[in-house]
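> Dropping a structure here in structure tokens format, bear with me for questions.
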Amino acid sequence: MAATSATTAAKKVVETAVQTFSKAGSITQFGIPSKRPYNSVPVTPTKIVLHEYAPSRYEDHYFNTVRDDVMYMNYTHELVPRPPRRDIRLKFDPEDPYSKYRKNYSVGGDAQVVRELPPPDTPENVTRLERIQIHTMVKQAVQSRQELVGAIMAVRALSGETSKGGGLHAVEGVQITKGKRPVGGWIRPNIPVGAKVDLKGHSMYEFMSTLVDFVLPRLRDFDGVPLPYAGSNVHKVSSVSGVVAMGLPPEAMQFFPQIEVNVDAYPRQYGMHIHFVTNATGVGAQDRARALLSGFQIPFTRTRR
């Protein structure tokens, strides 16, 4: 009797399961009601995140060597606490609802920005590299948008970035840049003219390693990133931005290993601008950023007038 009742109960369980899974609307995945068709591939409710598969040599070099050296070179000892920052009147009234969402600059414009002091030197705010932006422009794209395909392929090969790669919604991947204002009847607003990509984290240091080890040593007539003239004005907006920019000619594209293996796949070679964005701010921020990049073996040279 016990065996018969067990067999009957098992049959009822099987019949109930068959009836449940025969209805598309009643299927559940991991306890979550499914909205997919019955015969489709199940999708996990968790995000798939790709992690680094090999340690970054340049990232280890920064944390083991460069960070301490940059802290030593840029450290300024302050004997007394800084006086409180002087409140400068803003251009618009923050309480005015009509100007609430406007970009509210201080009165004086750039004259106040270029004289802002850097934050006090502490181990927590040592100059570090936050991201690298690669930007290329294709003049022929103004006439035909198809000319951007080769540039997008090249930037993707150099960076290895795709839109929302690895399930990360913060990764924007390769983006198409458009004109913002008309320039001499040549560039019109909202016309695609180039491509750009932002590199962060592991991919940022990998690109830095490729640039320093393979590309820069093979460039002809490249003595280094030019420095401003001696005695030039240091109170400029670019001097307090903490961004160092350099350009590469179209001939440098073929020196990247990702491009060198299949150069013929690209219709032409593209030049590019590379922006190294650091966390340095205040007076002398760009000099501190150059000191950081020199620790990664990026050469600098001062040209004469």
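In the structure tokens, chains take letters A, B, ... by order of appearance, with residues numbered from 1 within each chain and ligands from 1 in the order shown.
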As a count of residues only, which residues of stretch 183-303 of chain A does DSSP assign to helix (DSSP H, G or I)?
44
> Find the spatial neighbours of A:Ile298, counting only C-alpha atoms, within a cut-off of 12 Å - ignore same-chain residues fewer than 4 positions away - and output them as JSON, numbers by chain.
{"A": [208, 209, 210, 211, 212, 213, 215, 216, 217, 222, 223, 224, 225, 226, 244, 245, 246, 276, 289, 290, 291, 292, 293, 294]}
> Let me see the file: selected residues, N, CA, C and O atoms, as a short mmCIF file (atom, residue, chain, number, x, y, z; two decimals), in the first residue's frame.

```
data_model
loop_
_atom_site.label_atom_id
_atom_site.label_comp_id
_atom_site.auth_asym_id
_atom_site.auth_seq_id
_atom_site.Cartn_x
_atom_site.Cartn_y
_atom_site.Cartn_z
N MET A 208 48.62 52.34 -22.49
CA MET A 208 49.84 53.07 -22.16
C MET A 208 51.07 52.21 -22.41
O MET A 208 52.08 52.69 -22.97
N SER A 209 51.01 50.95 -22.05
CA SER A 209 52.14 50.05 -22.27
C SER A 209 52.42 49.88 -23.76
O SER A 209 53.58 49.91 -24.19
N THR A 210 51.37 49.71 -24.55
CA THR A 210 51.55 49.56 -26.00
C THR A 210 52.12 50.82 -26.62
O THR A 210 53.00 50.76 -27.50
N LEU A 211 51.64 51.98 -26.19
CA LEU A 211 52.12 53.24 -26.74
C LEU A 211 53.60 53.46 -26.45
O LEU A 211 54.36 53.87 -27.34
N VAL A 212 54.01 53.19 -25.22
CA VAL A 212 55.39 53.47 -24.82
C VAL A 212 56.37 52.42 -25.36
O VAL A 212 57.48 52.75 -25.77
N ASP A 213 55.95 51.17 -25.39
CA ASP A 213 56.87 50.09 -25.75
C ASP A 213 56.98 49.85 -27.25
O ASP A 213 58.03 49.43 -27.74
N VAL A 215 55.07 51.98 -30.01
CA VAL A 215 54.76 53.04 -30.97
C VAL A 215 55.79 54.16 -30.92
O VAL A 215 56.42 54.49 -31.94
N LEU A 216 55.98 54.77 -29.75
CA LEU A 216 56.86 55.94 -29.66
C LEU A 216 58.30 55.64 -30.06
O LEU A 216 58.93 56.48 -30.74
N PRO A 217 58.89 54.50 -29.70
CA PRO A 217 60.28 54.27 -30.14
C PRO A 217 60.43 54.11 -31.65
O PRO A 217 61.54 54.28 -32.17
N PHE A 222 60.59 62.09 -33.65
CA PHE A 222 59.80 62.32 -32.45
C PHE A 222 60.75 62.40 -31.27
O PHE A 222 61.30 61.39 -30.82
N ASP A 223 60.96 63.62 -30.79
CA ASP A 223 61.84 63.83 -29.65
C ASP A 223 61.10 63.77 -28.32
O ASP A 223 61.72 63.57 -27.28
N GLY A 224 59.79 63.98 -28.34
CA GLY A 224 59.01 63.97 -27.13
C GLY A 224 57.81 64.89 -27.24
O GLY A 224 57.64 65.62 -28.22
N VAL A 225 56.98 64.86 -26.22
CA VAL A 225 55.82 65.75 -26.17
C VAL A 225 56.32 67.16 -25.90
O VAL A 225 57.07 67.39 -24.95
N PRO A 226 55.96 68.14 -26.73
CA PRO A 226 56.50 69.49 -26.55
C PRO A 226 56.02 70.14 -25.27
O PRO A 226 54.85 70.03 -24.88
N VAL A 244 47.13 66.35 -20.07
CA VAL A 244 48.26 66.43 -21.00
C VAL A 244 47.81 65.80 -22.31
O VAL A 244 47.32 64.66 -22.34
N ALA A 245 47.95 66.54 -23.40
CA ALA A 245 47.51 66.09 -24.72
C ALA A 245 48.69 65.96 -25.65
O ALA A 245 49.66 66.72 -25.57
N MET A 246 48.62 64.97 -26.52
CA MET A 246 49.64 64.77 -27.55
C MET A 246 48.95 64.23 -28.80
O MET A 246 47.85 63.69 -28.74
N PHE A 276 45.62 62.54 -21.76
CA PHE A 276 45.85 61.88 -20.48
C PHE A 276 45.20 62.74 -19.39
O PHE A 276 45.69 63.84 -19.09
N ALA A 289 50.92 66.64 -13.73
CA ALA A 289 50.51 65.58 -14.64
C ALA A 289 51.67 65.15 -15.54
O ALA A 289 51.84 63.96 -15.82
N ARG A 290 52.49 66.10 -15.98
CA ARG A 290 53.66 65.73 -16.78
C ARG A 290 54.66 64.92 -15.97
O ARG A 290 55.29 63.99 -16.49
N ALA A 291 54.82 65.27 -14.69
CA ALA A 291 55.72 64.49 -13.84
C ALA A 291 55.23 63.06 -13.69
O ALA A 291 56.03 62.11 -13.65
N LEU A 292 53.92 62.87 -13.63
CA LEU A 292 53.37 61.52 -13.55
C LEU A 292 53.64 60.74 -14.83
O LEU A 292 54.06 59.57 -14.79
N LEU A 293 53.40 61.36 -15.99
CA LEU A 293 53.60 60.66 -17.25
C LEU A 293 55.06 60.36 -17.51
O LEU A 293 55.39 59.36 -18.16
N SER A 294 55.96 61.23 -17.02
CA SER A 294 57.39 60.94 -17.20
C SER A 294 57.78 59.67 -16.44
O SER A 294 58.73 59.00 -16.82
#
```
> Show which residues sit within 7 Å of A:Asp198, as a list in words. Count only C-alpha atoms, and ignore same-chain residues fewer than 3 positions away.
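With the cut-off at 7 Å, the set is Arg131, Ile132, Gln133 and Ile134 of chain A.
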> Only C-alpha atoms, please: the residues just picked out, written as a PDB file, in the first residue's frame.

```pdb
ATOM      1  CA  ARG A 131      41.391  57.980 -17.943  1.00  0.00           C
ATOM      2  CA  ILE A 132      42.831  58.204 -21.429  1.00  0.00           C
ATOM      3  CA  GLN A 133      40.769  59.570 -24.283  1.00  0.00           C
ATOM      4  CA  ILE A 134      41.595  58.692 -27.898  1.00  0.00           C
TER       5      ILE A 134
END
```
> Please tabulate, as JSON lines, the residues of stretch 198-286 of chain A that come within 8 Å of stretch 143-154 of chain A, each with its closest pair of atoms and the distance in Å to one decimal, counting only C-alpha atoms and ordering rows by chain, then residue number upward.

```
{"residue": "A:Ile259", "atom": "CA", "partner": "A:Ala154", "partner_atom": "CA", "distance": 7.3}
{"residue": "A:Tyr266", "atom": "CA", "partner": "A:Gly150", "partner_atom": "CA", "distance": 5.7}
{"residue": "A:Pro267", "atom": "CA", "partner": "A:Gly150", "partner_atom": "CA", "distance": 6.3}
{"residue": "A:Arg268", "atom": "CA", "partner": "A:Gly150", "partner_atom": "CA", "distance": 7.5}
{"residue": "A:Tyr270", "atom": "CA", "partner": "A:Ala151", "partner_atom": "CA", "distance": 6.9}
```
> Save out the residues we just selected, N, CA and C atoms, as an mmCIF file, in the first residue's frame.

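Contents of again.cif, freshly written:
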```cif
data_model
loop_
_atom_site.group_PDB
_atom_site.id
_atom_site.type_symbol
_atom_site.label_atom_id
_atom_site.label_comp_id
_atom_site.auth_asym_id
_atom_site.auth_seq_id
_atom_site.Cartn_x
_atom_site.Cartn_y
_atom_site.Cartn_z
ATOM 1 N N ILE A 259 46.922 46.786 -35.022
ATOM 2 C CA ILE A 259 46.723 47.207 -36.413
ATOM 3 C C ILE A 259 47.757 46.566 -37.327
ATOM 4 N N TYR A 266 42.201 48.113 -43.320
ATOM 5 C CA TYR A 266 41.744 49.488 -43.096
ATOM 6 C C TYR A 266 41.966 50.299 -44.373
ATOM 7 N N PRO A 267 40.964 51.082 -44.773
ATOM 8 C CA PRO A 267 41.081 51.815 -46.038
ATOM 9 C C PRO A 267 42.181 52.859 -46.044
ATOM 10 N N ARG A 268 42.477 53.460 -44.920
ATOM 11 C CA ARG A 268 43.545 54.447 -44.817
ATOM 12 C C ARG A 268 44.044 54.485 -43.377
ATOM 13 N N TYR A 270 44.921 56.663 -39.931
ATOM 14 C CA TYR A 270 44.286 57.800 -39.270
ATOM 15 C C TYR A 270 45.199 58.325 -38.166
#
```
> Write out, as CSV, each residue of stretch 217-249 of chain A that has an atom at most 12 Å from stretch 92-111 of chain A, together with the closest pair of atoms and their distance in Å to one decimal, counting only C-alpha atoms, rows going by chain and rising number.

```
residue,atom,partner,partner_atom,distance
A:His235,CA,A:Ala111,CA,8.4
A:Lys236,CA,A:Asp110,CA,8.0
A:Val237,CA,A:Asp110,CA,6.8
A:Ser238,CA,A:Asp110,CA,10.6
A:Ser239,CA,A:Asp110,CA,11.6
A:Val240,CA,A:Asp110,CA,10.5
A:Ser241,CA,A:Asp110,CA,12.0
```
> Give me, please, the distance in Å between atom CA of A:Phe256 and atom CA of A:Leu158, quoted to one decimal.
7.4 Å
> Return as a ChimeraX atom specification the full set of residues in stretch 54-218 of chain A whose backbone-based DSSP assignment is strand (DSSP E).
/A:129-137,175-178,192-199
> Have a look at A:Val142, A:Arg302, A:Arg188, A:Arg85 and name the one nearest to A:Gly231; count only C-alpha atoms.
A:Arg302
> What separation in Å, quoted to one decimal, exists between atom CA of A:Tyr62 and atom CA of A:Val243?
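So the two atoms, atom CA of A:Tyr62 and atom CA of A:Val243, lie 17.9 Å apart.
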> Residues near A:Leu199, anyone? I mean within 12 Å using only C-alpha atoms, not counting same-chain ones fewer than 2 positions away, as number ranges by chain.
A: 129-135, 155-156, 158-162, 170-174, 196-197, 201-208, 274-277
> Could you tell me how far atom CA of A:Val283 lies from atom CA of A:Thr65, in Å and to one decimal?
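Atom CA of A:Val283 sits 25.0 Å away from atom CA of A:Thr65.
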> For A:Gly242, list every protein, DNA or RNA residue within 6 Å, evaluated using only C-alpha atoms, and leave out those in the same chain fewer than 6 positions away; present the list as a PyMOL selection string.
chain A and resi 278+280-281+285-286+289
> Would you output that residue set with N, CA and C atoms, as a short mmCIF file (atom, residue, chain, number, x, y, z; two decimals), in the first residue's frame?

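Contents of the output file result32.cif:
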```
data_model
loop_
_atom_site.label_atom_id
_atom_site.label_comp_id
_atom_site.auth_asym_id
_atom_site.auth_seq_id
_atom_site.Cartn_x
_atom_site.Cartn_y
_atom_site.Cartn_z
N THR A 278 44.23 63.41 -15.59
CA THR A 278 44.63 63.08 -14.23
C THR A 278 43.72 63.78 -13.23
N ALA A 280 44.83 65.88 -10.99
CA ALA A 280 45.51 67.09 -10.53
C ALA A 280 44.66 68.32 -10.84
N THR A 281 44.57 69.23 -9.89
CA THR A 281 43.82 70.47 -10.05
C THR A 281 44.61 71.61 -9.41
N ALA A 285 48.84 72.24 -12.02
CA ALA A 285 48.29 70.89 -12.19
C ALA A 285 48.87 70.19 -13.40
N GLN A 286 49.06 70.94 -14.48
CA GLN A 286 49.59 70.31 -15.69
C GLN A 286 51.04 69.88 -15.50
N ALA A 289 50.92 66.64 -13.73
CA ALA A 289 50.51 65.58 -14.64
C ALA A 289 51.67 65.15 -15.54
#
```
> My list of candidates is A:Arg86, A:Arg128, A:Arg218, A:Arg115. Which is closest to A:Val70 when distances are computed with only C-alpha atoms?
A:Arg128
